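Engineer: Once you've had a glance at the structure underneath, I'll fire off some questions.
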Amino acid sequence: MTQEQLKAIPEVQALLDQALQARLQGRLDEAATLDDRALAQALARKDRKGETEALRGRGNVHQFAGQMQKALGLYRQAIDVARAIGDTSGEARALSNAGIAYKDTGQSRRALEVQNQALSLYQKVGNVR
């Protein structure tokens, strides 16, 4: 499966998009609810890409709320699912999120390691700006 073929099903993606907008507007409780709904639908419909993105989104909510250990746990889950389905871009995004969380917890060396892993994957898929 190519990276372009790895897309969440439309219903799950719609919830993920709504959750992103809620996060960007600081409505973290609403974002968490939407990410949870997206995750439930993704699991029920065996949408592994949607599962990856919902876990990553939920991790973002915890990170924005200052709950770094919960965020890191969710990012690890997202990384594992992305690897399992060969979603290199999704894995890179989750690694990048984890790197920021490590930095926010004062783990600069670990943050750099994880960000370098993400950079390597971004380069692999040609997504480096």
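Please note that chains go A, B, ... in the order of the structure tokens, that every chain numbers its residues from 1, and that ligands are numbered from 1 in the order shown.
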For stretch 13-29 of chain A, find every residue with an atom within 12 Å (counting only C-alpha atoms), except residues of its own chain fewer than 6 positions away, and show them as number ranges by chain.

Structural biologist: A: 6-7, 35-42, 47-66

Engineer: Restrict the selected residues to C-alpha atoms and save them as a PDB file, in the first residue's frame.

Structural biologist:
ATOM      1  CA  LEU A   6      -3.252   5.183   3.601  1.00  0.00           C
ATOM      2  CA  LYS A   7      -6.213   7.380   4.446  1.00  0.00           C
ATOM      3  CA  ASP A  35     -10.897  11.996  19.072  1.00  0.00           C
ATOM      4  CA  ASP A  36     -12.469   9.294  21.276  1.00  0.00           C
ATOM      5  CA  ARG A  37     -15.393   8.986  18.861  1.00  0.00           C
ATOM      6  CA  ALA A  38     -12.995   8.795  15.919  1.00  0.00           C
ATOM      7  CA  LEU A  39     -10.963   6.109  17.687  1.00  0.00           C
ATOM      8  CA  ALA A  40     -14.074   4.069  18.501  1.00  0.00           C
ATOM      9  CA  GLN A  41     -15.259   4.240  14.884  1.00  0.00           C
ATOM     10  CA  ALA A  42     -11.796   3.442  13.559  1.00  0.00           C
ATOM     11  CA  ASP A  47      -9.505   1.612  10.044  1.00  0.00           C
ATOM     12  CA  ARG A  48      -5.878   1.432  11.196  1.00  0.00           C
ATOM     13  CA  LYS A  49      -4.947   4.793   9.659  1.00  0.00           C
ATOM     14  CA  GLY A  50      -7.843   6.425  11.487  1.00  0.00           C
ATOM     15  CA  GLU A  51      -6.746   4.622  14.642  1.00  0.00           C
ATOM     16  CA  THR A  52      -3.230   6.050  14.283  1.00  0.00           C
ATOM     17  CA  GLU A  53      -4.476   9.595  13.791  1.00  0.00           C
ATOM     18  CA  ALA A  54      -7.043   9.398  16.603  1.00  0.00           C
ATOM     19  CA  LEU A  55      -4.381   8.165  19.038  1.00  0.00           C
ATOM     20  CA  ARG A  56      -2.069  10.948  17.922  1.00  0.00           C
ATOM     21  CA  GLY A  57      -4.848  13.538  18.282  1.00  0.00           C
ATOM     22  CA  ARG A  58      -5.697  12.279  21.762  1.00  0.00           C
ATOM     23  CA  GLY A  59      -2.006  12.518  22.611  1.00  0.00           C
ATOM     24  CA  ASN A  60      -2.039  16.112  21.436  1.00  0.00           C
ATOM     25  CA  VAL A  61      -4.930  16.890  23.795  1.00  0.00           C
ATOM     26  CA  HIS A  62      -2.998  15.480  26.743  1.00  0.00           C
ATOM     27  CA  GLN A  63       0.137  17.323  25.669  1.00  0.00           C
ATOM     28  CA  PHE A  64      -1.720  20.648  25.394  1.00  0.00           C
ATOM     29  CA  ALA A  65      -3.150  19.973  28.875  1.00  0.00           C
ATOM     30  CA  GLY A  66       0.361  19.390  30.246  1.00  0.00           C
TER      31      GLY A  66
END

Engineer: Would you kindly return, as a list in words, each protein, DNA or RNA residue with an atom no farther than 9 Å from any atom of A:Gln117, considering only C-alpha atoms and excluding same-chain residues fewer than 6 positions away?

Structural biologist: Ala92, Leu95 and Ser96 of chain A

Engineer: Go ahead and write the selection's residues with N, CA, C and O atoms as a tab-separated table (two decimals), in the first residue's frame.

Structural biologist:
chain	number	residue	atom	x	y	z
A	92	ALA	N	6.12	9.15	11.32
A	92	ALA	CA	6.96	10.34	11.46
A	92	ALA	C	6.23	11.43	12.23
A	92	ALA	O	6.83	12.08	13.11
A	95	LEU	N	6.15	10.42	15.90
A	95	LEU	CA	7.50	10.58	16.47
A	95	LEU	C	7.80	12.05	16.73
A	95	LEU	O	8.36	12.41	17.77
A	96	SER	N	7.43	12.89	15.79
A	96	SER	CA	7.67	14.33	15.95
A	96	SER	C	6.90	14.86	17.15
A	96	SER	O	7.45	15.64	17.96

Engineer: What does the structure give for the distance between atom CA of A:Lys103 and atom CA of A:Ala8, in Å to one decimal?

Structural biologist: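 One can read the atom CA of A:Lys103 to atom CA of A:Ala8 distance as 29.2 Å.
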
Engineer: Pick the closest to A:Ala71 from A:Asn127, A:Gln115, A:Asn97, A:Gln107: which is it, counting only C-alpha atoms?

Structural biologist: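 Closest to A:Ala71, using only C-alpha atoms: A:Asn97.
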